[in-house]
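For reference, input_0.cif (mmCIF, C-alpha atoms):
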data_upload
#
loop_
_atom_site.label_atom_id
_atom_site.label_comp_id
_atom_site.auth_asym_id
_atom_site.auth_seq_id
_atom_site.Cartn_x
_atom_site.Cartn_y
_atom_site.Cartn_z
CA MET A 1 65.57 127.65 173.18
CA GLU A 2 62.18 127.17 174.83
CA ALA A 3 61.63 123.77 176.40
CA LYS A 4 59.25 121.38 174.64
CA LYS A 5 55.97 120.50 176.30
CA THR A 6 54.11 117.19 176.19
CA PRO A 7 50.35 117.19 175.45
CA LEU A 8 49.83 116.63 179.21
CA HIS A 9 51.76 119.74 180.26
CA GLN A 10 48.69 121.67 181.43
CA LYS A 11 47.41 118.62 183.33
CA HIS A 12 50.69 118.43 185.26
CA ILE A 13 50.36 122.07 186.29
CA GLU A 14 46.73 121.55 187.35
CA LEU A 15 47.86 118.60 189.52
CA GLY A 16 50.47 120.76 191.24
CA GLY A 17 53.42 119.31 189.38
CA LYS A 18 56.76 120.97 190.02
CA MET A 19 58.07 121.52 186.50
CA GLN A 20 61.71 121.49 185.49
CA ALA A 21 63.73 121.32 182.29
CA PHE A 22 64.83 117.79 181.40
CA ALA A 23 66.49 116.78 178.10
CA GLY A 24 64.96 119.80 176.38
CA TRP A 25 61.45 119.19 177.80
CA ASP A 26 59.51 120.91 180.58
CA MET A 27 58.66 117.88 182.74
CA PRO A 28 57.13 117.25 186.19
CA ILE A 29 59.80 116.38 188.75
CA GLN A 30 57.32 115.76 191.54
CA TYR A 31 53.72 116.33 192.63
CA SER A 32 53.02 115.32 196.26
CA GLY A 33 56.68 114.56 196.97
CA ILE A 34 59.33 112.12 195.76
CA LEU A 35 59.23 109.79 198.79
CA GLU A 36 55.43 109.57 198.78
CA GLU A 37 55.33 108.96 195.03
CA HIS A 38 58.09 106.34 195.28
CA LYS A 39 56.16 104.43 197.96
CA CYS A 40 52.98 104.62 195.90
CA VAL A 41 54.62 102.83 192.96
CA ARG A 42 56.20 100.19 195.21
CA THR A 43 52.94 99.38 197.01
CA LYS A 44 50.01 100.53 194.82
CA VAL A 45 50.11 102.05 191.32
CA GLY A 46 51.49 105.22 189.77
CA ILE A 47 51.19 106.88 186.39
CA PHE A 48 54.05 108.67 184.62
CA ASP A 49 54.10 110.91 181.57
CA VAL A 50 57.19 109.78 179.66
CA SER A 51 56.22 111.32 176.35
CA HIS A 52 59.66 112.92 176.10
CA MET A 53 61.06 109.52 175.09
CA GLY A 54 61.77 108.99 171.39
CA GLU A 55 59.96 106.51 169.15
CA ILE A 56 61.19 105.52 165.71
CA PHE A 57 59.75 102.96 163.30
CA LEU A 58 62.12 101.02 161.05
CA GLU A 59 60.20 99.44 158.17
CA GLY A 60 61.30 97.59 155.05
CA GLU A 61 62.91 94.40 153.84
CA ASP A 62 66.28 95.38 155.37
CA ALA A 63 64.99 96.59 158.75
CA VAL A 64 66.32 93.55 160.60
CA GLU A 65 69.69 93.82 158.85
CA LEU A 66 70.01 97.45 159.91
CA LEU A 67 69.26 96.56 163.52
CA GLN A 68 71.78 93.71 163.41
CA ILE A 69 74.50 96.24 162.58
CA LEU A 70 73.35 98.80 165.14
CA VAL A 71 73.18 96.61 168.27
CA PRO A 72 75.18 93.68 169.79
CA GLN A 73 71.95 91.79 170.46
CA ASP A 74 70.74 89.15 167.97
CA ILE A 75 67.53 90.49 166.42
CA TYR A 76 66.91 87.17 164.67
CA THR A 77 66.01 85.63 168.04
CA LEU A 78 63.05 88.00 168.51
CA ASN A 79 59.55 86.68 167.92
CA ASN A 80 56.65 88.84 166.74
CA LYS A 81 55.26 91.02 169.55
CA GLN A 82 58.41 90.50 171.65
CA ILE A 83 60.64 93.25 173.02
CA MET A 84 64.40 93.24 173.44
CA TYR A 85 66.60 95.52 175.56
CA GLY A 86 69.73 96.61 173.73
CA GLN A 87 72.38 99.23 173.12
CA ILE A 88 73.28 101.19 170.00
CA THR A 89 77.08 101.00 169.83
CA ASN A 90 79.69 103.05 168.00
CA LYS A 91 82.69 101.73 166.08
CA ASN A 92 84.68 101.41 169.31
CA GLY A 93 81.93 99.57 171.20
CA GLY A 94 80.88 102.65 173.19
CA ILE A 95 77.19 103.10 173.97
CA ILE A 96 75.52 105.77 171.84
CA ASP A 97 72.22 104.99 173.58
CA ASP A 98 70.29 102.16 175.17
CA LEU A 99 66.87 101.26 173.82
CA LEU A 100 63.96 98.87 173.61
CA ILE A 101 63.35 97.09 170.31
CA TYR A 102 59.76 96.03 169.50
CA LYS A 103 59.23 93.49 166.72
CA TYR A 104 55.90 93.78 164.90
CA ASN A 105 56.99 91.44 162.10
CA ASP A 106 60.05 90.68 159.97
CA THR A 107 59.85 94.03 158.17
CA LYS A 108 58.54 96.34 160.91
CA TYR A 109 60.26 97.30 164.18
CA LEU A 110 59.77 100.10 166.69
CA ILE A 111 62.61 101.41 168.82
CA VAL A 112 62.10 103.51 171.95
CA ILE A 113 65.10 105.68 172.79
CA ASN A 114 66.18 108.29 175.33
CA ALA A 115 64.97 111.88 174.96
CA SER A 116 68.47 113.31 175.24
CA ARG A 117 69.76 111.13 172.38
CA ILE A 118 67.06 111.36 169.71
CA ASN A 119 69.07 113.46 167.26
CA GLU A 120 72.29 111.49 167.78
CA ASP A 121 70.46 108.19 167.36
CA LEU A 122 68.62 109.30 164.24
CA ASN A 123 71.77 110.55 162.57
CA TRP A 124 73.66 107.35 163.39
CA ILE A 125 70.83 105.11 162.19
CA GLU A 126 70.41 107.06 158.95
CA ASP A 127 74.19 107.06 158.31
CA ASN A 128 74.39 103.29 158.76
CA ALA A 129 71.35 102.69 156.56
CA LYS A 130 72.75 104.94 153.82
CA LYS A 131 76.23 103.40 153.98
CA GLU A 132 74.85 99.87 153.58
CA ARG A 133 72.23 101.00 151.01
CA PHE A 134 69.52 99.32 153.05
CA ASN A 135 65.90 99.43 151.94
CA VAL A 136 64.50 100.83 155.18
CA LYS A 137 62.03 103.60 155.90
CA ILE A 138 63.04 105.46 159.06
CA ASN A 139 60.02 107.20 160.58
CA ASP A 140 60.44 109.34 163.72
CA ILE A 141 56.99 109.49 165.37
CA THR A 142 58.15 111.16 168.60
CA GLU A 143 56.22 114.37 167.99
CA LYS A 144 52.97 112.57 167.08
CA PHE A 145 52.67 110.04 169.91
CA SER A 146 52.65 110.15 173.71
CA LEU A 147 53.93 107.51 176.11
CA LEU A 148 52.46 106.76 179.53
CA ALA A 149 53.96 104.39 182.10
CA LEU A 150 51.62 102.62 184.51
CA GLN A 151 53.73 101.00 187.23
CA GLY A 152 53.12 99.15 190.49
CA PRO A 153 51.43 96.04 191.95
CA HIS A 154 47.95 97.21 190.93
CA SER A 155 48.81 98.26 187.38
CA SER A 156 47.37 95.07 185.90
CA ASP A 157 44.20 95.46 187.98
CA LEU A 158 43.74 99.00 186.71
CA LEU A 159 44.16 98.03 183.06
CA ASP A 160 41.63 95.25 183.60
CA LYS A 161 39.19 97.76 185.05
CA ILE A 162 39.31 100.03 181.97
CA GLY A 163 38.73 97.12 179.59
CA ILE A 164 42.18 95.63 178.95
CA LYS A 165 41.39 92.27 180.54
CA LYS A 166 44.10 90.38 182.40
CA ASP A 167 43.95 87.33 180.16
CA SER A 168 44.72 89.53 177.16
CA GLN A 169 47.45 91.65 178.74
CA PRO A 170 50.95 91.06 177.34
CA LEU A 171 53.54 89.02 179.22
CA TYR A 172 56.79 90.55 180.45
CA TYR A 173 58.76 92.11 177.57
CA ASN A 174 55.93 91.50 175.12
CA PHE A 175 53.43 93.94 173.62
CA ARG A 176 49.98 93.95 172.09
CA GLU A 177 47.69 96.43 170.37
CA PHE A 178 44.23 97.24 171.74
CA GLU A 179 41.28 99.38 170.70
CA LEU A 180 40.20 101.85 173.37
CA LEU A 181 38.76 105.38 173.38
CA GLY A 182 38.24 105.16 169.64
CA THR A 183 41.92 104.66 168.87
CA THR A 184 44.65 102.01 168.81
CA LEU A 185 46.91 101.67 171.85
CA MET A 186 50.19 99.79 171.89
CA ILE A 187 50.71 98.37 175.38
CA SER A 188 53.97 96.73 176.48
CA ARG A 189 54.77 95.02 179.77
CA THR A 190 57.89 97.02 180.44
CA GLY A 191 59.04 99.78 182.76
CA TYR A 192 61.85 101.56 184.55
CA THR A 193 60.90 100.96 188.18
CA GLY A 194 61.53 97.32 189.08
CA GLU A 195 57.77 96.76 189.50
CA ASP A 196 55.23 95.01 187.34
CA GLY A 197 53.88 97.56 184.93
CA PHE A 198 53.05 98.71 181.44
CA GLU A 199 54.01 101.39 178.95
CA ILE A 200 51.26 102.71 176.68
CA LEU A 201 51.88 104.38 173.31
CA ILE A 202 48.96 106.51 172.13
CA LYS A 203 48.33 109.32 169.65
CA ASN A 204 48.77 112.80 171.12
CA GLU A 205 45.15 113.80 170.56
CA LYS A 206 43.93 110.94 172.77
CA VAL A 207 46.45 111.00 175.62
CA VAL A 208 44.62 113.51 177.85
CA GLU A 209 41.48 111.35 177.71
CA LEU A 210 43.49 108.23 178.62
CA TRP A 211 45.35 110.03 181.41
CA GLU A 212 42.10 111.19 182.97
CA LEU A 213 40.49 107.76 182.58
CA LEU A 214 43.38 106.04 184.36
CA LEU A 215 43.46 108.57 187.21
CA LYS A 216 39.69 108.35 187.71
CA SER A 217 39.52 104.56 187.43
CA GLY A 218 42.55 104.16 189.68
CA ILE A 219 41.09 105.98 192.68
CA GLU A 220 40.23 102.68 194.40
CA TYR A 221 43.89 101.66 194.05
CA GLU A 222 45.06 105.06 195.40
CA ILE A 223 46.78 105.93 192.15
CA LYS A 224 49.05 108.99 192.03
CA PRO A 225 50.75 110.88 189.20
CA ILE A 226 54.49 110.31 189.51
CA GLY A 227 57.29 112.69 188.54
CA LEU A 228 60.78 112.12 187.21
CA GLY A 229 62.25 112.45 190.71
CA ALA A 230 60.62 109.23 191.93
CA ARG A 231 61.28 107.63 188.56
CA ASP A 232 64.98 108.11 189.29
CA THR A 233 64.86 106.70 192.85
CA LEU A 234 62.81 103.73 191.65
CA ARG A 235 65.15 102.89 188.77
CA LEU A 236 68.19 103.27 191.04
CA GLU A 237 66.79 100.77 193.56
CA ALA A 238 66.25 98.39 190.64
CA ALA A 239 69.84 99.13 189.46
CA MET A 240 68.59 100.22 186.05
CA LEU A 241 71.12 102.41 184.25
CA LEU A 242 70.64 106.04 183.24
CA TYR A 243 72.17 107.17 179.96
CA GLY A 244 74.59 110.04 180.36
CA GLN A 245 75.52 108.99 183.90
CA ASP A 246 75.90 105.21 184.17
CA MET A 247 76.79 104.77 180.50
CA THR A 248 78.11 107.00 177.73
CA GLU A 249 79.88 106.69 174.40
CA GLU A 250 83.06 106.11 176.41
CA THR A 251 81.75 102.95 178.09
CA THR A 252 81.02 99.60 176.50
CA PRO A 253 78.12 97.31 177.42
CA ILE A 254 80.60 94.96 179.10
CA GLU A 255 82.03 97.73 181.29
CA ALA A 256 78.47 98.79 182.13
CA SER A 257 77.76 95.26 183.43
CA LEU A 258 75.35 94.61 180.57
CA ALA A 259 77.10 91.47 179.32
CA TRP A 260 73.91 89.55 180.14
CA SER A 261 72.18 91.35 177.27
CA ILE A 262 74.86 90.63 174.65
CA ALA A 263 74.40 87.83 172.10
CA LYS A 264 77.52 85.73 172.81
CA ASN A 265 77.33 83.71 169.58
CA LYS A 266 76.16 86.41 167.20
CA THR A 267 77.98 85.88 163.90
CA HIS A 268 76.57 88.97 162.19
CA TYR A 269 78.82 92.06 162.11
CA TYR A 270 77.82 94.95 164.38
CA ASN A 271 79.48 98.25 165.29
CA GLY A 272 82.14 97.75 167.96
CA LYS A 273 81.98 93.96 167.75
CA GLU A 274 85.73 93.38 167.92
CA ARG A 275 86.20 95.30 171.18
CA ILE A 276 83.06 93.91 172.79
CA LYS A 277 83.97 90.32 171.90
CA ASP A 278 87.50 90.89 173.28
CA GLN A 279 86.05 92.18 176.56
CA LEU A 280 83.78 89.16 176.83
CA ILE A 281 86.92 87.02 176.82
CA THR A 282 89.22 89.33 178.79
CA PRO A 283 87.32 91.49 181.33
CA PRO A 284 88.03 95.24 181.06
CA GLN A 285 89.88 97.17 183.76
CA LYS A 286 86.75 98.91 185.00
CA LYS A 287 83.27 97.65 185.82
CA LEU A 288 79.99 99.03 187.09
CA ILE A 289 79.13 98.05 190.67
CA GLY A 290 76.46 98.80 193.27
CA PHE A 291 77.28 100.10 196.74
CA VAL A 292 75.55 100.91 200.03
CA MET A 293 76.78 103.72 202.26
CA ALA A 294 77.75 102.85 205.84
CA ASP A 295 76.48 106.19 207.15
CA LYS A 296 73.89 108.82 206.18
CA ALA A 297 76.12 110.52 203.61
CA ILE A 298 74.81 110.60 200.02
CA ALA A 299 77.18 109.90 197.15
CA ARG A 300 76.42 111.82 193.96
CA HIS A 301 77.41 111.58 190.32
CA GLY A 302 81.08 112.41 189.83
CA TYR A 303 82.29 111.73 193.39
CA GLU A 304 85.65 109.98 193.61
CA ILE A 305 86.12 106.53 195.16
CA TYR A 306 89.21 105.37 197.07
CA ALA A 307 90.68 102.20 198.59
CA ASN A 308 94.11 101.70 200.12
CA ASP A 309 94.83 105.42 199.67
CA GLU A 310 94.39 105.14 195.90
CA LYS A 311 91.66 106.43 193.65
CA ILE A 312 89.89 103.39 192.20
CA GLY A 313 86.78 104.79 190.57
CA ILE A 314 83.97 107.29 190.32
CA VAL A 315 80.29 107.39 191.30
CA THR A 316 77.83 107.50 188.40
CA SER A 317 74.49 107.56 190.27
CA GLY A 318 73.68 107.93 193.94
CA GLY A 319 70.83 108.75 196.27
CA VAL A 320 68.42 107.60 198.92
CA SER A 321 66.69 104.22 198.81
CA PRO A 322 63.25 104.93 200.32
CA THR A 323 62.46 101.20 200.41
CA LEU A 324 65.61 100.16 202.29
CA ASN A 325 66.14 103.41 204.21
CA VAL A 326 69.82 103.49 203.27
CA ASN A 327 71.84 105.47 200.74
CA ILE A 328 72.89 103.60 197.62
CA GLY A 329 74.66 104.16 194.34
CA LEU A 330 76.30 102.87 191.19
CA ALA A 331 79.93 103.41 190.28
CA TYR A 332 82.74 102.44 187.95
CA ILE A 333 85.67 100.97 189.85
CA ASP A 334 88.73 98.84 189.24
CA ASN A 335 87.78 95.31 188.18
CA SER A 336 89.80 93.70 190.99
CA PHE A 337 87.20 94.65 193.63
CA LYS A 338 84.32 92.32 194.51
CA ILE A 339 81.05 92.08 196.44
CA ASP A 340 81.39 92.84 200.21
CA ASP A 341 84.64 94.79 199.72
CA LYS A 342 84.84 98.14 201.52
CA ILE A 343 85.37 101.29 199.48
CA TYR A 344 85.57 104.94 200.49
CA ILE A 345 83.77 107.78 198.73
CA LYS A 346 85.06 111.34 198.92
CA ILE A 347 82.22 113.66 199.94
CA ARG A 348 83.15 117.28 200.72
CA ASP A 349 86.81 116.37 201.29
CA LYS A 350 85.99 113.56 203.71
CA LEU A 351 86.10 109.82 203.00
CA HIS A 352 82.90 107.93 203.80
CA GLU A 353 82.79 104.14 204.03
CA ALA A 354 80.61 102.08 201.68
CA LYS A 355 80.30 98.42 200.78
CA ILE A 356 80.00 96.80 197.35
CA VAL A 357 76.75 94.83 197.15
CA LYS A 358 74.85 92.65 194.74
CA ARG A 359 72.42 94.36 192.36
CA PRO A 360 69.55 95.11 192.17
CA PHE A 361 69.24 96.75 195.56
CA VAL A 362 65.52 95.95 195.63
CA GLU A 363 64.35 92.77 193.91
CA LYS A 364 61.54 93.03 191.38
CA VAL A 365 58.30 92.74 193.34
CA ASN A 366 56.17 90.96 190.78
CA LYS A 367 57.52 88.18 188.58
CA ILE A 368 55.14 87.69 185.70
CA VAL A 369 54.77 83.97 185.09
CA ARG A 370 51.76 82.68 183.17
#

What does this structure look like when you write it as structure tokens?
Amino acid sequence: MEAKKTPLHQKHIELGGKMQAFAGWDMPIQYSGILEEHKCVRTKVGIFDVSHMGEIFLEGEDAVELLQILVPQDIYTLNNKQIMYGQITNKNGGIIDDLLIYKYNDTKYLIVINASRINEDLNWIEDNAKKERFNVKINDITEKFSLLALQGPHSSDLLDKIGIKKDSQPLYYNFREFELLGTTLMISRTGYTGEDGFEILIKNEKVVELWELLLKSGIEYEIKPIGLGARDTLRLEAAMLLYGQDMTEETTPIEASLAWSIAKNKTHYYNGKERIKDQLITPPQKKLIGFVMADKAIARHGYEIYANDEKIGIVTSGGVSPTLNVNIGLAYIDNSFKIDDKIYIKIRDKLHEAKIVKRPFVEKVNKIVR
């Protein structure tokens, strides 16, 4: 099957983007180079095409009830124009996908989901809605809308420059709608990099114009287009999880160290509630941890971890931290291990020392407080 292309595909090629298949899409992995692009986002501003992500509207009098069943977060605590991070769980508490939930009002919600899970998510959502006979319209707009991510210390300055003034920009994990370029934009203060930044939802027919406007207006801030390669190194430094590696249907939110996102006193039923609530009381045998390598070896997904001559876990994500100039990673290991403990990762039949550390590896640069 031929890979899908975003409306910006030709622009990526013109900018020298190195294209590669990702979750069924032909996407730019890098332009000028992963390290250079990574540094640009950490110190200036970068723009990403993330139009491969899925967007689904849930509308109707039972929209909130459907979401309450789908996720372990408490949707009733969301205010209008607020965003919540969550997980869609299966009957056993495993993570079908992680997502952002946008509340427009009590009967209208938008969810943004991972490209690789769109079909699975849609089927699960529709099955749950049908089973409960909910009055909800499920509208997949993925093919009609594009999503851009503007990330880095100067992202707010750049939006201000194109007419989205700072005093009107949304706060962290909030969103607002704006009129620009003759169309409506939905702008959220969210991202996958650990930096201050925004994600912009726009109709396909207007995204090229917006992309070009941001690149042209961002010249004074030394803006660069950023590929998925740097997106991965940035999210890893921020210890943000990647679906399919750091979490799957076989891992619960508690095992994935996402207990902070779970509504502890949620009385409403949700899929997998019994197991998740049990794990909140009695910690599971495995947990997700962060580690730093003691040498220049790089741990990759699937590498085995040892301690005291016993296998204790497996690496889920690993790579270089351009900011810290060390090699880092995430892994599932036995719950008995703690921060500062030494572990050993098997790389090409040799054990390499690493140390468990606190996450994130790089603290968020800009705290938005207004």

CA of Val64 in chain A to CA of Lys91 in chain A, distance in Å rounded to a single decimal: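 CA of Lys91 in chain A lies at a distance of 19.1 Å from CA of Val64 in chain A.
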
Distance criterion (all atoms listed in the file): nearest to Phe198 in chain A out of A:Ile29, A:Val50, A:Val315, A:Ala331: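 Closest residue, counting all atoms listed in the file: A:Val50.
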
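The spacing separating CA of Glu205 in chain A from CA of Leu185 in chain A amounts to 12.3 Å.
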
Test item: the PyMOL selection byres ((chain A and resi 360) around 10) resolved as JSON, numbers by chain: {"A": [194, 235, 236, 237, 238, 239, 240, 290, 357, 358, 359, 361, 362, 363, 364]}

Nearest to Glu249 in chain A, chosen from A:Gln151, A:Asn92, A:Thr6, A:Gln30, with only C-alpha atoms counted in the distances: A:Asn92

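Running the PyMOL selection byres ((chain A and resi 295) around 10) on this file leaves Val292, Met293, Ala294, Lys296, Ala297, Ile298, Val326, Asn327, His352, Glu353 and Ala354 of chain A selected.
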